[in-house]
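Student: To start, I am sharing the structure in question, which I have written as structure tokens.
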Amino acid sequence: MAVPTQAVCCGLTWVSTGQLTTARRVLRRTLDVLRPWLEAGTPIVGLEPSCTAVFRADAPELMPDDQDVQRLAQQTRTLAEFLLERAPHEWRPPRLSRQAVVQPHCHQHAVLKDDADRELMRRTGLDAEVLDEGCCGLAGNFGFEQGHYDLSMKIGEQGVLPAVRDASPGSLVIADGFSCRTQIEQGDTGRRAVHLAEVLALGLDGPLPASHPEKLAARPEPSPKDARLATGAACLALGGAAAALYAWTRRRRG
């Protein structure tokens with residue numbers, strides 16, 4: 001598995017604000033970076049659901065005649081889809097006999113679906129309660145914008161944040177979306193949500209602690225003062241975790 005050494009961006013920030021010309025320009029730069037893998041038919045694994053949804057749905061609508069965009073849409077996988085395609089002969093999930101509270105990202109719910117995630121969690125032995133509580137309220141940059149904070153928190157308090165507070169201390173709190181994780185961490189829940197890639201990596205390291213297992217997932221705390229940089233850091237960290245996980249399975253097979 002390779003992680004691009006140059007920065008790539010799905011362009012969602014510009015798509016969601018109607019700046020479609022800029023979004024196309026950003027996507028073209030991303031295609032320039034990914035082109036060798038696209039031409040080779042290599043799967044493109046998306047760890048952030050909103051970015052993955054752009055590659056699969058928005059990009060083909062924005063640039064319907066671009067062959068590389070069509071390749072990108074066809075070759076993009078979620079992490080769970082990618083791993084299930086390689087199970088059981090190339091990869092086997094770690095066993096995690098643990099309860100989990102899972103917050104699906106809105107783009108995951110609407111565009112990608114979470115069937116693969118549910119199946120992968122089942123195979124790990126997770127007793128997963130997948131929340132059906134709607135949006136976390138942060139919604140990308142919405143909750144960071146002036147005048148939106150109170151509404152953002154009210155939305156979160158309609159279901160997601162109380163559900164996380166009610167989770168047992170030994171449960172994993174799983175949220176693949178950066179916005180969802182940020183809202184949970186900064187929403188007075190006392191918990192820190194982890195990405196599915198981090199959960200699998202923790203499972204490879206041995207038994208989880210009885211309380212607050214997320215403590216083992218070491219990564220910098222996101223800074224609310226610079227959400228854009230925090231998002232980039234989180235994506236890079238999770239990309240490294242996914243690459244390390246895949247490399248570990250390759251070594252095990254060898």
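Residues in the structure tokens are numbered from 1 in each chain, the chains being A, B, ... in the order shown, and ligands are numbered from 1 in the order shown.
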With DSSP run on the backbone, what are the helix (DSSP H, G or I) residues within range 72-165 of chain A? I'd like them as a ChimeraX atom specification.

Tutor: /A:72-75,79-85,106-112,115-124,142-144,149-156,160-165

Student: Leaving out Thr124 in chain A and any residue of its chain fewer than 6 positions from it, which residues lie within 10 Å of it when counting only C-alpha atoms, given as a ChimeraX atom specification?

Tutor: /A:92-98,199-200,203

Student: Tell me, as JSON, numbers by chain, which residues lie within 10 Å of Glu129 in chain A, counting only C-alpha atoms; anything in the same chain fewer than 3 positions away does not count.

Tutor: {"A": [99, 100, 101, 102, 103, 118, 126, 132, 167, 173, 174]}

Student: Take the residues just selected and output them with C-alpha atoms as a short mmCIF file (atom, residue, chain, number, x, y, z; two decimals), in the first residue's frame.

Tutor:
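What ended up in out_35.cif:
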data_model
loop_
_atom_site.label_atom_id
_atom_site.label_comp_id
_atom_site.auth_asym_id
_atom_site.auth_seq_id
_atom_site.Cartn_x
_atom_site.Cartn_y
_atom_site.Cartn_z
CA GLN A 99 -19.16 -3.40 22.66
CA ALA A 100 -19.03 -0.40 20.35
CA VAL A 101 -21.14 2.69 19.72
CA VAL A 102 -20.84 3.72 16.08
CA GLN A 103 -21.78 7.10 14.58
CA ARG A 118 -21.13 -3.57 9.64
CA LEU A 126 -17.56 -6.24 17.91
CA ASP A 132 -29.62 6.14 13.99
CA ALA A 167 -22.09 4.35 26.39
CA VAL A 173 -16.78 4.89 20.30
CA ILE A 174 -16.27 4.67 16.54
#

Student: Which one of A:Gly190, A:Gly156, A:Gly170, A:Pro4 sits closest to Ile44 in chain A if you count only C-alpha atoms?

Tutor: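 For Ile44 in chain A, the nearest of the candidates is A:Pro4.
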
Student: Would you please work out which residue, of A:Gly140, A:Ala40, A:Ala116, A:Glu90, is nearest to Val15 in chain A when using only C-alpha atoms?

Tutor: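 The closest residue to Val15 in chain A is A:Gly140.
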
Student: Which is closest to Ser168 in chain A among A:Arg191, A:His107, A:Arg122, A:Arg71, if we use only C-alpha atoms?

Tutor: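 When distances to Ser168 in chain A are compared using only C-alpha atoms, the smallest one comes from A:Arg191.
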
Student: Ranking A:Ala110, A:Asp166, A:Ala197, A:Leu202 by minimum distance to Thr78 in chain A and counting only C-alpha atoms, which one comes first?

Tutor: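 Once distances to Thr78 in chain A are computed over only C-alpha atoms, the minimum belongs to A:Ala197.
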
Student: Between A:Leu196, A:Thr189, A:Ser171, A:Thr13, which is the closest to Pro213 in chain A once you count only C-alpha atoms?

Tutor: A:Ser171

Student: Rounded to one decimal, what separation in Å do you get between CA of Gln186 in chain A and CA of Leu208 in chain A?

Tutor: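 For CA of Gln186 in chain A relative to CA of Leu208 in chain A, the distance reads 23.7 Å.
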
Student: Excluding Val54 in chain A and residues on its chain fewer than 3 positions from it, collect all residues at most 9 Å away from it, counting only C-alpha atoms, and give them as an mmCIF file with C-alpha atoms, in the first residue's frame.

Tutor:
data_model
loop_
_atom_site.group_PDB
_atom_site.id
_atom_site.type_symbol
_atom_site.label_atom_id
_atom_site.label_comp_id
_atom_site.auth_asym_id
_atom_site.auth_seq_id
_atom_site.Cartn_x
_atom_site.Cartn_y
_atom_site.Cartn_z
ATOM 1 C CA CYS A 10 -11.280 15.953 -2.836
ATOM 2 C CA GLY A 11 -12.451 19.568 -3.250
ATOM 3 C CA LEU A 12 -15.524 19.159 -1.036
ATOM 4 C CA VAL A 15 -18.299 21.865 -3.840
ATOM 5 C CA PRO A 49 -16.298 9.389 4.213
ATOM 6 C CA SER A 50 -16.959 12.873 2.834
ATOM 7 C CA CYS A 51 -13.878 12.723 0.602
ATOM 8 C CA ALA A 57 -20.437 10.617 -6.678
ATOM 9 C CA ASP A 58 -19.700 14.348 -6.940
ATOM 10 C CA ALA A 59 -16.576 14.191 -9.090
ATOM 11 C CA PRO A 60 -18.236 12.231 -11.937
ATOM 12 C CA ALA A 73 -15.012 6.658 -9.041
#

Student: A:Glu48, A:Glu119, A:Glu145, A:Ala53: which is nearest Cys180 in chain A, counting only C-alpha atoms?

Tutor: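 That would be A:Glu48, the residue with the smallest distance to Cys180 in chain A.
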
Student: Could you give me, as a count of residues only, each residue of range 14-249 of chain A that DSSP assigns to strand (DSSP E or B) when run on this structure's backbone?

Tutor: 20

Student: Between CA of Gln158 in chain A and CA of Gly177 in chain A, what is the spacing in Å?

Tutor: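 If I compute the distance from CA of Gly177 in chain A to CA of Gln158 in chain A, I get 18.4 Å.
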
Student: Find the residues near Leu31 in chain A: any atom within 12 Å, counting only C-alpha atoms, skip ones fewer than 5 places away on the same chain, and give them as an NGL selection string.

Tutor: :A and (4 or 6-11 or 24-26 or 36-39 or 44 or 55 or 59 or 63 or 66-73)

Student: Show me, as a VMD selection string, the residues that have an atom within 10 Å of Glu133 in chain A when counting only C-alpha atoms, minus same-chain residues fewer than 4 positions from it.

Tutor: chain A and resid 103 to 104 155 to 163

Student: With N, CA and C atoms retained, export the selected residues as a short mmCIF file (atom, residue, chain, number, x, y, z; two decimals), in the first residue's frame.

Tutor:
data_model
loop_
_atom_site.label_atom_id
_atom_site.label_comp_id
_atom_site.auth_asym_id
_atom_site.auth_seq_id
_atom_site.Cartn_x
_atom_site.Cartn_y
_atom_site.Cartn_z
N GLN A 103 -21.08 5.97 15.19
CA GLN A 103 -21.78 7.10 14.58
C GLN A 103 -21.44 7.14 13.09
N PRO A 104 -22.38 6.77 12.20
CA PRO A 104 -22.11 6.86 10.76
C PRO A 104 -22.03 8.32 10.30
N ILE A 155 -28.15 20.37 17.52
CA ILE A 155 -28.34 19.20 16.66
C ILE A 155 -27.67 17.98 17.27
N GLY A 156 -26.43 18.16 17.75
CA GLY A 156 -25.72 17.05 18.38
C GLY A 156 -26.44 16.53 19.60
N GLU A 157 -27.07 17.43 20.36
CA GLU A 157 -27.77 17.04 21.58
C GLU A 157 -29.09 16.34 21.31
N GLN A 158 -29.53 16.32 20.06
CA GLN A 158 -30.76 15.62 19.73
C GLN A 158 -30.60 14.11 19.76
N GLY A 159 -29.37 13.63 19.76
CA GLY A 159 -29.23 12.18 19.79
C GLY A 159 -27.82 11.67 19.93
N VAL A 160 -26.90 12.17 19.11
CA VAL A 160 -25.56 11.61 19.06
C VAL A 160 -24.82 11.80 20.38
N LEU A 161 -24.76 13.01 20.87
CA LEU A 161 -23.97 13.28 22.07
C LEU A 161 -24.54 12.57 23.30
N PRO A 162 -25.86 12.57 23.54
CA PRO A 162 -26.38 11.80 24.67
C PRO A 162 -26.10 10.30 24.55
N ALA A 163 -26.16 9.77 23.32
CA ALA A 163 -25.89 8.34 23.13
C ALA A 163 -24.45 8.00 23.50
#
